[in-house]
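Participant: Below you'll find protein-v2.csv; it's CSV, N, CA and C atoms and all ligand atoms.
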```csv
chain,number,residue,atom,x,y,z
G,109,MET,N,0.9,-1.2,0.0
G,109,MET,CA,0.0,0.0,0.0
G,109,MET,C,0.9,1.2,0.0
G,110,ASN,N,0.8,2.0,-1.1
G,110,ASN,CA,1.7,3.2,-1.2
G,110,ASN,C,1.5,4.3,-0.2
G,111,ASP,N,0.2,4.5,0.1
G,111,ASP,CA,-0.1,5.7,1.0
G,111,ASP,C,-0.3,5.3,2.4
G,112,CYS,N,0.2,4.1,2.8
G,112,CYS,CA,0.0,3.6,4.2
G,112,CYS,C,1.2,4.0,5.1
G,113,LEU,N,0.9,4.7,6.2
G,113,LEU,CA,2.0,5.1,7.1
G,113,LEU,C,2.8,3.9,7.6
G,114,PHE,N,2.1,2.9,8.0
G,114,PHE,CA,2.9,1.8,8.6
G,114,PHE,C,3.7,1.0,7.6
G,115,CYS,N,3.2,0.9,6.4
G,115,CYS,CA,3.9,0.2,5.3
G,115,CYS,C,5.2,1.1,5.0
G,116,LYS,N,5.1,2.4,5.1
G,116,LYS,CA,6.3,3.2,4.9
G,116,LYS,C,7.3,3.1,6.0
G,117,ILE,N,6.8,2.9,7.3
G,117,ILE,CA,7.7,2.7,8.4
G,117,ILE,C,8.4,1.3,8.2
G,118,ILE,N,7.7,0.3,7.8
G,118,ILE,CA,8.3,-1.1,7.6
G,118,ILE,C,9.4,-1.0,6.5
G,119,LYS,N,9.1,-0.2,5.5
G,119,LYS,CA,10.1,-0.1,4.4
G,119,LYS,C,11.3,0.7,4.8
G,120,GLY,N,11.1,1.5,5.9
G,120,GLY,CA,12.2,2.4,6.3
G,120,GLY,C,12.1,3.8,5.6
G,121,ASP,N,11.0,4.1,4.9
G,121,ASP,CA,10.9,5.4,4.3
G,121,ASP,C,10.5,6.5,5.3
G,122,ILE,N,10.0,6.0,6.4
G,122,ILE,CA,9.7,6.9,7.6
G,122,ILE,C,10.4,6.3,8.8
G,123,PRO,N,11.2,7.1,9.5
G,123,PRO,CA,12.0,6.6,10.6
G,123,PRO,C,11.1,6.1,11.8
G,124,SER,N,11.6,5.1,12.5
G,124,SER,CA,10.9,4.7,13.7
G,124,SER,C,11.9,4.1,14.7
G,125,PHE,N,11.4,4.0,15.9
G,125,PHE,CA,12.3,3.3,16.9
G,125,PHE,C,12.0,1.8,16.9
G,126,LYS,N,12.7,1.1,16.1
G,126,LYS,CA,12.4,-0.4,15.9
G,126,LYS,C,12.9,-1.1,17.2
G,127,VAL,N,12.0,-2.0,17.7
G,127,VAL,CA,12.5,-2.8,18.8
G,127,VAL,C,12.5,-4.3,18.5
G,128,TYR,N,11.9,-4.7,17.4
G,128,TYR,CA,12.0,-6.1,17.0
G,128,TYR,C,11.6,-6.2,15.5
G,129,GLU,N,12.2,-7.2,14.9
G,129,GLU,CA,11.8,-7.5,13.5
G,129,GLU,C,12.1,-9.0,13.2
G,130,ASP,N,11.2,-9.6,12.4
G,130,ASP,CA,11.5,-10.9,11.8
G,130,ASP,C,10.9,-10.9,10.4
G,131,ASP,N,10.8,-12.1,9.8
G,131,ASP,CA,10.3,-12.1,8.4
G,131,ASP,C,8.9,-11.7,8.3
G,132,MET,N,8.1,-11.8,9.3
G,132,MET,CA,6.7,-11.6,9.3
G,132,MET,C,6.2,-10.3,9.9
G,133,VAL,N,6.9,-9.9,11.0
G,133,VAL,CA,6.4,-8.7,11.7
G,133,VAL,C,7.5,-7.7,12.0
G,134,PHE,N,7.0,-6.5,12.3
G,134,PHE,CA,7.9,-5.3,12.7
G,134,PHE,C,7.3,-4.7,13.9
G,135,ALA,N,8.1,-4.4,14.9
G,135,ALA,CA,7.6,-3.8,16.1
G,135,ALA,C,8.4,-2.5,16.4
G,136,PHE,N,7.7,-1.4,16.8
G,136,PHE,CA,8.4,-0.1,17.0
G,136,PHE,C,7.6,0.6,18.1
G,137,LEU,N,8.3,1.6,18.7
G,137,LEU,CA,7.7,2.4,19.8
G,137,LEU,C,6.6,3.3,19.2
G,138,ASP,N,5.5,3.4,19.9
G,138,ASP,CA,4.4,4.3,19.6
G,138,ASP,C,4.9,5.7,19.7
G,139,ILE,N,4.6,6.6,18.8
G,139,ILE,CA,5.1,8.0,18.8
G,139,ILE,C,4.4,8.8,19.9
G,140,ASN,N,3.3,8.3,20.3
G,140,ASN,CA,2.5,9.1,21.4
G,140,ASN,C,2.2,8.1,22.5
G,141,PRO,N,3.2,7.6,23.2
G,141,PRO,CA,3.0,6.5,24.1
G,141,PRO,C,2.1,6.7,25.3
G,142,LYS,N,1.4,5.7,25.7
G,142,LYS,CA,0.6,5.8,26.9
G,142,LYS,C,1.4,5.5,28.1
G,143,SER,N,2.6,4.9,27.9
G,143,SER,CA,3.5,4.6,29.0
G,143,SER,C,4.9,4.3,28.4
G,144,ASN,N,6.0,4.3,29.2
G,144,ASN,CA,7.3,3.9,28.7
G,144,ASN,C,7.3,2.5,28.0
G,145,GLY,N,7.8,2.5,26.8
G,145,GLY,CA,7.8,1.2,26.1
G,145,GLY,C,6.6,0.8,25.4
G,146,HIS,N,5.6,1.7,25.3
G,146,HIS,CA,4.4,1.4,24.5
G,146,HIS,C,4.8,1.0,23.1
G,147,THR,N,4.5,-0.2,22.6
G,147,THR,CA,5.0,-0.7,21.4
G,147,THR,C,3.9,-1.1,20.5
G,148,LEU,N,4.1,-1.0,19.2
G,148,LEU,CA,3.1,-1.4,18.2
G,148,LEU,C,3.7,-2.6,17.4
G,149,ILE,N,3.0,-3.7,17.3
G,149,ILE,CA,3.5,-4.8,16.5
G,149,ILE,C,2.6,-4.9,15.2
G,150,VAL,N,3.3,-4.8,14.1
G,150,VAL,CA,2.5,-4.8,12.8
G,150,VAL,C,3.0,-5.9,11.9
G,151,PRO,N,2.1,-6.5,11.1
G,151,PRO,CA,2.5,-7.5,10.1
G,151,PRO,C,3.2,-6.8,9.0
G,152,LYS,N,4.2,-7.4,8.4
G,152,LYS,CA,4.9,-6.7,7.2
G,152,LYS,C,4.0,-6.7,6.0
G,153,LYS,N,3.1,-7.6,5.9
G,153,LYS,CA,2.1,-7.6,4.8
G,153,LYS,C,1.0,-6.7,5.2
G,154,HIS,N,0.5,-5.9,4.3
G,154,HIS,CA,-0.6,-5.0,4.7
G,154,HIS,C,-1.9,-5.7,4.9
G,155,PHE,N,-2.4,-5.7,6.1
G,155,PHE,CA,-3.8,-6.1,6.4
G,155,PHE,C,-4.5,-4.9,7.1
G,156,LYS,N,-5.8,-4.8,6.8
G,156,LYS,CA,-6.4,-3.6,7.3
G,156,LYS,C,-6.8,-3.7,8.8
G,157,ASP,N,-7.4,-4.8,9.2
G,157,ASP,CA,-7.9,-4.9,10.6
G,157,ASP,C,-8.1,-6.4,10.9
G,158,ILE,N,-8.8,-6.6,12.0
G,158,ILE,CA,-8.9,-8.0,12.6
G,158,ILE,C,-9.7,-8.9,11.6
G,159,HIS,N,-10.6,-8.3,10.8
G,159,HIS,CA,-11.4,-9.1,9.8
G,159,HIS,C,-10.5,-9.5,8.6
G,160,ASP,N,-9.5,-8.7,8.3
G,160,ASP,CA,-8.7,-8.9,7.1
G,160,ASP,C,-7.5,-9.8,7.3
G,161,ILE,N,-7.0,-9.8,8.6
G,161,ILE,CA,-5.7,-10.6,8.8
G,161,ILE,C,-6.0,-12.1,8.9
G,162,ASP,N,-5.0,-12.9,8.4
G,162,ASP,CA,-5.2,-14.3,8.5
G,162,ASP,C,-4.7,-14.9,9.9
G,163,SER,N,-5.2,-16.0,10.2
G,163,SER,CA,-5.0,-16.6,11.6
G,163,SER,C,-3.5,-16.9,11.9
G,164,ASN,N,-2.8,-17.3,10.8
G,164,ASN,CA,-1.4,-17.6,11.0
G,164,ASN,C,-0.6,-16.4,11.4
G,165,THR,N,-0.9,-15.3,10.7
G,165,THR,CA,-0.2,-14.0,11.0
G,165,THR,C,-0.6,-13.5,12.3
G,166,LEU,N,-1.9,-13.6,12.6
G,166,LEU,CA,-2.4,-13.1,13.9
G,166,LEU,C,-1.7,-13.9,15.0
G,167,ASN,N,-1.6,-15.2,14.9
G,167,ASN,CA,-1.0,-16.0,15.9
G,167,ASN,C,0.5,-15.6,16.1
G,168,HIS,N,1.1,-15.3,15.0
G,168,HIS,CA,2.5,-14.9,15.1
G,168,HIS,C,2.7,-13.6,15.8
G,169,ILE,N,1.7,-12.7,15.6
G,169,ILE,CA,1.7,-11.4,16.3
G,169,ILE,C,1.6,-11.6,17.8
G,170,ILE,N,0.7,-12.5,18.2
G,170,ILE,CA,0.4,-12.8,19.6
G,170,ILE,C,1.7,-13.4,20.2
G,171,GLU,N,2.3,-14.3,19.5
G,171,GLU,CA,3.6,-14.9,20.0
G,171,GLU,C,4.7,-13.9,20.2
G,172,THR,N,4.7,-12.9,19.2
G,172,THR,CA,5.7,-11.8,19.3
G,172,THR,C,5.4,-10.9,20.5
G,173,ALA,N,4.1,-10.7,20.7
G,173,ALA,CA,3.8,-9.9,21.9
G,173,ALA,C,4.3,-10.5,23.2
G,174,LYS,N,4.1,-11.8,23.3
G,174,LYS,CA,4.6,-12.5,24.5
G,174,LYS,C,6.1,-12.4,24.7
G,175,LYS,N,6.8,-12.5,23.6
G,175,LYS,CA,8.3,-12.4,23.6
G,175,LYS,C,8.7,-11.0,24.0
G,176,LEU,N,8.0,-10.0,23.4
G,176,LEU,CA,8.3,-8.6,23.7
G,176,LEU,C,8.0,-8.3,25.1
G,177,MET,N,6.9,-8.8,25.7
G,177,MET,CA,6.5,-8.6,27.1
G,177,MET,C,7.7,-9.0,28.0
G,178,GLY,N,8.3,-10.1,27.6
G,178,GLY,CA,9.5,-10.6,28.4
G,178,GLY,C,10.6,-9.6,28.4
G,179,ILE,N,10.9,-9.1,27.2
G,179,ILE,CA,12.0,-8.1,27.0
G,179,ILE,C,11.6,-6.9,27.8
G,180,LEU,N,10.4,-6.4,27.7
G,180,LEU,CA,10.0,-5.1,28.4
G,180,LEU,C,10.1,-5.3,29.9
G,181,GLU,N,9.6,-6.5,30.4
G,181,GLU,CA,9.7,-6.8,31.8
G,181,GLU,C,11.1,-6.7,32.3
G,182,GLU,N,12.0,-7.4,31.5
G,182,GLU,CA,13.4,-7.5,31.9
G,182,GLU,C,14.1,-6.1,31.9
G,183,LYS,N,13.9,-5.4,30.8
G,183,LYS,CA,14.6,-4.1,30.6
G,183,LYS,C,14.0,-2.9,31.2
G,184,LEU,N,12.7,-2.9,31.3
G,184,LEU,CA,12.0,-1.6,31.8
G,184,LEU,C,11.4,-1.9,33.2
G,185,ALA,N,11.4,-3.1,33.7
G,185,ALA,CA,10.9,-3.4,35.0
G,185,ALA,C,9.4,-3.0,35.1
G,186,CYS,N,8.6,-3.3,34.1
G,186,CYS,CA,7.2,-3.0,34.2
G,186,CYS,C,6.4,-4.0,35.1
G,187,ASP,N,5.3,-3.7,35.5
G,187,ASP,CA,4.5,-4.5,36.4
G,187,ASP,C,3.3,-5.2,35.8
G,188,GLY,N,3.0,-4.9,34.6
G,188,GLY,CA,1.8,-5.5,34.0
G,188,GLY,C,1.7,-4.9,32.5
G,189,PHE,N,0.7,-5.5,31.8
G,189,PHE,CA,0.5,-5.1,30.4
G,189,PHE,C,-0.9,-5.0,30.0
G,190,THR,N,-1.3,-4.2,29.0
G,190,THR,CA,-2.5,-4.2,28.3
G,190,THR,C,-2.2,-4.4,26.9
G,191,LEU,N,-2.9,-5.4,26.2
G,191,LEU,CA,-2.8,-5.6,24.8
G,191,LEU,C,-4.1,-5.0,24.2
G,192,ALA,N,-3.9,-4.2,23.2
G,192,ALA,CA,-5.1,-3.5,22.6
G,192,ALA,C,-5.0,-3.5,21.1
G,193,GLN,N,-6.2,-3.6,20.4
G,193,GLN,CA,-6.2,-3.6,19.0
G,193,GLN,C,-7.5,-2.9,18.5
G,194,ASN,N,-7.4,-1.8,17.8
G,194,ASN,CA,-8.6,-1.0,17.4
G,194,ASN,C,-9.0,-1.4,16.0
G,195,ASN,N,-10.4,-1.3,15.8
G,195,ASN,CA,-11.0,-1.5,14.5
G,195,ASN,C,-12.0,-0.5,14.2
G,196,GLY,N,-12.3,-0.2,13.0
G,196,GLY,CA,-13.4,0.7,12.6
G,196,GLY,C,-13.1,2.1,13.0
G,197,GLU,N,-14.1,2.8,13.5
G,197,GLU,CA,-14.1,4.2,13.8
G,197,GLU,C,-12.9,4.6,14.7
G,198,VAL,N,-12.6,3.7,15.6
G,198,VAL,CA,-11.6,4.0,16.6
G,198,VAL,C,-10.1,3.6,16.2
G,199,GLN,N,-10.1,3.1,15.0
G,199,GLN,CA,-8.7,2.7,14.4
G,199,GLN,C,-8.2,3.9,13.6
G,200,GLU,N,-7.2,4.5,14.1
G,200,GLU,CA,-6.6,5.7,13.4
G,200,GLU,C,-5.8,5.3,12.2
G,201,VAL,N,-4.9,4.3,12.3
G,201,VAL,CA,-4.1,3.9,11.2
G,201,VAL,C,-4.6,2.5,10.7
G,202,LYS,N,-5.0,2.5,9.4
G,202,LYS,CA,-5.7,1.4,8.8
G,202,LYS,C,-4.7,0.3,8.3
G,203,HIS,N,-3.7,0.0,9.1
G,203,HIS,CA,-2.8,-1.2,8.9
G,203,HIS,C,-2.8,-1.9,10.2
G,204,PHE,N,-3.3,-3.2,10.3
G,204,PHE,CA,-3.4,-3.9,11.5
G,204,PHE,C,-2.2,-3.7,12.4
G,205,HIS,N,-2.5,-3.4,13.7
G,205,HIS,CA,-1.4,-3.3,14.7
G,205,HIS,C,-1.9,-3.7,16.1
G,206,LEU,N,-1.1,-4.3,16.8
G,206,LEU,CA,-1.4,-4.7,18.2
G,206,LEU,C,-0.6,-3.7,19.1
G,207,HIS,N,-1.3,-3.1,20.0
G,207,HIS,CA,-0.6,-2.2,21.0
G,207,HIS,C,-0.2,-3.1,22.2
G,208,VAL,N,1.1,-3.0,22.6
G,208,VAL,CA,1.6,-3.6,23.8
G,208,VAL,C,1.9,-2.5,24.7
G,209,ILE,N,1.1,-2.3,25.8
G,209,ILE,CA,1.2,-1.2,26.7
G,209,ILE,C,1.6,-1.6,28.1
G,210,PRO,N,2.8,-1.3,28.4
G,210,PRO,CA,3.3,-1.7,29.8
G,210,PRO,C,2.6,-0.8,30.9
G,211,HIS,N,2.5,-1.4,32.0
G,211,HIS,CA,2.0,-0.7,33.2
G,211,HIS,C,3.1,-0.7,34.3
G,212,TYR,N,3.1,0.4,35.1
G,212,TYR,CA,4.1,0.5,36.1
G,212,TYR,C,3.4,0.9,37.4
G,213,SER,N,3.9,0.4,38.5
G,213,SER,CA,3.3,0.9,39.8
G,213,SER,C,3.8,2.3,40.0
G,214,GLU,N,5.1,2.5,39.6
G,214,GLU,CA,5.6,3.9,39.7
G,214,GLU,C,6.4,4.1,38.4
G,215,GLU,N,5.9,5.0,37.5
G,215,GLU,CA,6.6,5.2,36.3
G,215,GLU,C,7.5,6.5,36.3
G,216,GLN,N,8.7,6.3,35.8
G,216,GLN,CA,9.6,7.4,35.6
G,216,GLN,C,9.4,7.8,34.1
G,217,VAL,N,9.1,9.0,33.8
G,217,VAL,CA,9.0,9.4,32.4
G,217,VAL,C,10.3,9.5,31.7
G,218,LYS,N,10.4,8.8,30.7
G,218,LYS,CA,11.7,8.8,29.9
G,218,LYS,C,11.3,9.2,28.4
G,219,ASN,N,12.3,9.7,27.7
G,219,ASN,CA,12.0,10.0,26.3
G,219,ASN,C,12.2,8.8,25.4
G,220,PRO,N,11.6,8.7,24.2
G,220,PRO,CA,11.7,7.5,23.4
G,220,PRO,C,13.2,7.1,23.1
G,221,GLU,N,14.1,8.0,23.0
G,221,GLU,CA,15.5,7.7,22.7
G,221,GLU,C,16.0,6.8,23.9
G,222,GLU,N,15.7,7.3,25.1
G,222,GLU,CA,16.2,6.5,26.3
G,222,GLU,C,15.6,5.1,26.4
G,223,ILE,N,14.3,5.0,26.1
G,223,ILE,CA,13.7,3.7,26.1
G,223,ILE,C,14.3,2.8,25.1
G,224,TRP,N,14.5,3.4,23.9
G,224,TRP,CA,15.0,2.6,22.8
G,224,TRP,C,16.4,2.1,23.1
G,225,GLU,N,17.2,2.9,23.7
G,225,GLU,CA,18.6,2.5,24.1
G,225,GLU,C,18.5,1.3,25.1
G,226,LEU,N,17.5,1.4,26.0
G,226,LEU,CA,17.4,0.3,27.0
G,226,LEU,C,16.9,-1.0,26.4
G,227,LEU,N,16.2,-0.9,25.3
G,227,LEU,CA,15.6,-2.1,24.7
G,227,LEU,C,16.5,-2.7,23.6
G,228,LYS,N,17.6,-2.0,23.3
G,228,LYS,CA,18.6,-2.6,22.3
G,228,LYS,C,19.2,-3.9,22.7
Z,301,LIG,P1,-4.9,3.2,16.5
Z,301,LIG,O1,-5.0,3.1,15.0
Z,301,LIG,O2,-6.0,4.1,17.1
Z,301,LIG,O3,-4.9,1.9,17.2
Z,301,LIG,O4,-3.6,3.9,16.9
Z,301,LIG,C1,-2.6,4.3,16.1
Z,301,LIG,C2,-1.3,4.5,16.9
Z,301,LIG,O5,-0.3,4.8,16.0
Z,301,LIG,C3,-1.4,5.7,17.9
Z,301,LIG,O6,-1.2,5.2,19.2
Z,301,LIG,C4,-0.3,6.6,17.4
Z,301,LIG,O7,0.3,7.3,18.4
Z,301,LIG,C5,0.6,5.7,16.6
Z,301,LIG,N1,1.4,6.4,15.6
Z,301,LIG,C6,0.9,7.2,14.6
Z,301,LIG,N2,1.9,7.6,13.8
Z,301,LIG,C7,3.0,7.0,14.3
Z,301,LIG,C8,4.4,7.0,13.9
Z,301,LIG,N3,4.9,7.7,12.8
Z,301,LIG,N4,5.3,6.2,14.6
Z,301,LIG,C9,4.9,5.5,15.7
Z,301,LIG,N5,3.6,5.5,16.1
Z,301,LIG,C10,2.7,6.2,15.4
Z,302,ZN,ZN,0.1,-0.8,5.4
```
Output the file's structure in the form of structure tokens.
Ligand code: AMP
Ligand code: ZN

Facilitator:
Amino acid sequence: MNDCLFCKIIKGDIPSFKVYEDDMVFAFLDINPKSNGHTLIVPKKHFKDIHDIDSNTLNHIIETAKKLMGILEEKLACDGFTLAQNNGEVQEVKHFHLHVIPHYSEEQVKNPEEIWELLK
């Protein structure tokens, strides 16, 4: 998709703070994070939403989320997680993405560069 923001991020045409990548998925820090380490996991192939994505890719995204949660727990010492995925009117970017949102009992606000360095 030529005009898709997340396709452009995956291709590297738009910069992002990448935290994980494999042949099927790309994960990067949300530009407007709800907490430190708020990450978006996107399939490299363009799917619009939960109705569009195939089960195999969806399952791989869930497995990636579990892996990422381990990394975030270890590196950022978070105390819990919310996984979220928007569809329809509440979906701002029309390329499927899973939000991995860490929770902290006490959060120290850090900028994305600092978080990214910690996750390397
Ligand atoms: P939604 O489609 O509502 O599930 O959310 C889209 C998310 O993408 C929001 O949390 C935005 O902050 C995030 N976002 C938008 N543009 C960028 C970008 N260039 N890099 C990283 N995250 C982005
Ligand atoms: Zn796309």

Participant: Could you pull out the residues sitting within 8 Å of ligand LIG 301 (chain Z), using only N, CA and C atoms and all ligand atoms, and write them as an MDAnalysis selection string?

Facilitator: chainID G and resid 113:114 117 122:125 136:142 147:148 192:195 197:207

Participant: Store the residues picked out above in a file with N, CA and C atoms, as a short mmCIF file (atom, residue, chain, number, x, y, z; two decimals), in the coordinates of the input.

Facilitator:
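New file out_15.cif:
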```cif
data_model
loop_
_atom_site.label_atom_id
_atom_site.label_comp_id
_atom_site.auth_asym_id
_atom_site.auth_seq_id
_atom_site.Cartn_x
_atom_site.Cartn_y
_atom_site.Cartn_z
N LEU G 113 0.90 4.70 6.20
CA LEU G 113 2.00 5.10 7.10
C LEU G 113 2.80 3.90 7.60
N PHE G 114 2.10 2.90 8.00
CA PHE G 114 2.90 1.80 8.60
C PHE G 114 3.70 1.00 7.60
N ILE G 117 6.80 2.90 7.30
CA ILE G 117 7.70 2.70 8.40
C ILE G 117 8.40 1.30 8.20
N ILE G 122 10.00 6.00 6.40
CA ILE G 122 9.70 6.90 7.60
C ILE G 122 10.40 6.30 8.80
N PRO G 123 11.20 7.10 9.50
CA PRO G 123 12.00 6.60 10.60
C PRO G 123 11.10 6.10 11.80
N SER G 124 11.60 5.10 12.50
CA SER G 124 10.90 4.70 13.70
C SER G 124 11.90 4.10 14.70
N PHE G 125 11.40 4.00 15.90
CA PHE G 125 12.30 3.30 16.90
C PHE G 125 12.00 1.80 16.90
N PHE G 136 7.70 -1.40 16.80
CA PHE G 136 8.40 -0.10 17.00
C PHE G 136 7.60 0.60 18.10
N LEU G 137 8.30 1.60 18.70
CA LEU G 137 7.70 2.40 19.80
C LEU G 137 6.60 3.30 19.20
N ASP G 138 5.50 3.40 19.90
CA ASP G 138 4.40 4.30 19.60
C ASP G 138 4.90 5.70 19.70
N ILE G 139 4.60 6.60 18.80
CA ILE G 139 5.10 8.00 18.80
C ILE G 139 4.40 8.80 19.90
N ASN G 140 3.30 8.30 20.30
CA ASN G 140 2.50 9.10 21.40
C ASN G 140 2.20 8.10 22.50
N PRO G 141 3.20 7.60 23.20
CA PRO G 141 3.00 6.50 24.10
C PRO G 141 2.10 6.70 25.30
N LYS G 142 1.40 5.70 25.70
CA LYS G 142 0.60 5.80 26.90
C LYS G 142 1.40 5.50 28.10
N THR G 147 4.50 -0.20 22.60
CA THR G 147 5.00 -0.70 21.40
C THR G 147 3.90 -1.10 20.50
N LEU G 148 4.10 -1.00 19.20
CA LEU G 148 3.10 -1.40 18.20
C LEU G 148 3.70 -2.60 17.40
N ALA G 192 -3.90 -4.20 23.20
CA ALA G 192 -5.10 -3.50 22.60
C ALA G 192 -5.00 -3.50 21.10
N GLN G 193 -6.20 -3.60 20.40
CA GLN G 193 -6.20 -3.60 19.00
C GLN G 193 -7.50 -2.90 18.50
N ASN G 194 -7.40 -1.80 17.80
CA ASN G 194 -8.60 -1.00 17.40
C ASN G 194 -9.00 -1.40 16.00
N ASN G 195 -10.40 -1.30 15.80
CA ASN G 195 -11.00 -1.50 14.50
C ASN G 195 -12.00 -0.50 14.20
N GLU G 197 -14.10 2.80 13.50
CA GLU G 197 -14.10 4.20 13.80
C GLU G 197 -12.90 4.60 14.70
N VAL G 198 -12.60 3.70 15.60
CA VAL G 198 -11.60 4.00 16.60
C VAL G 198 -10.10 3.60 16.20
N GLN G 199 -10.10 3.10 15.00
CA GLN G 199 -8.70 2.70 14.40
C GLN G 199 -8.20 3.90 13.60
N GLU G 200 -7.20 4.50 14.10
CA GLU G 200 -6.60 5.70 13.40
C GLU G 200 -5.80 5.30 12.20
N VAL G 201 -4.90 4.30 12.30
CA VAL G 201 -4.10 3.90 11.20
C VAL G 201 -4.60 2.50 10.70
N LYS G 202 -5.00 2.50 9.40
CA LYS G 202 -5.70 1.40 8.80
C LYS G 202 -4.70 0.30 8.30
N HIS G 203 -3.70 0.00 9.10
CA HIS G 203 -2.80 -1.20 8.90
C HIS G 203 -2.80 -1.90 10.20
N PHE G 204 -3.30 -3.20 10.30
CA PHE G 204 -3.40 -3.90 11.50
C PHE G 204 -2.20 -3.70 12.40
N HIS G 205 -2.50 -3.40 13.70
CA HIS G 205 -1.40 -3.30 14.70
C HIS G 205 -1.90 -3.70 16.10
N LEU G 206 -1.10 -4.30 16.80
CA LEU G 206 -1.40 -4.70 18.20
C LEU G 206 -0.60 -3.70 19.10
N HIS G 207 -1.30 -3.10 20.00
CA HIS G 207 -0.60 -2.20 21.00
C HIS G 207 -0.20 -3.10 22.20
#
```

Participant: Given only C-alpha atoms and all ligand atoms as the basis, pick out the residue of G:Asp131, G:Val150, G:Gly120, G:Ile169 nearest to ligand ZN 302 (chain Z).

Facilitator: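 Ranked by minimum distance to ligand ZN 302 (chain Z), first place goes to G:Val150.
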
Participant: When you count all atoms listed in the file, which of these residues is closest to Lys183 of chain G: G:Glu214, G:Asp162, G:Asn167, G:Leu226?

Facilitator: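 Closest residue, counting all atoms listed in the file: G:Leu226.
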
Participant: Skip segment 171-179 of chain G itself and residues of its chain fewer than 6 positions away, then list as a list in words all residues within 8 Å of it, counting all atoms listed in the file.

Facilitator: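 So the residues in contact are Val127, Ile149, Thr165, Ala185, Cys186, Phe189, His207, Val208 and Leu227 of chain G.
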
Participant: From the DSSP assignment of the backbone, select every residue of segment 141-202 of chain G that is alpha helix (DSSP H), and format the answer as a PyMOL selection string.

Facilitator: chain G and resi 163-184

Participant: Take atom CA of Trp224 of chain G and atom C of Val133 of chain G and report the distance between them in Å, one decimal.

Facilitator: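 These atoms are spaced 16.7 Å apart.
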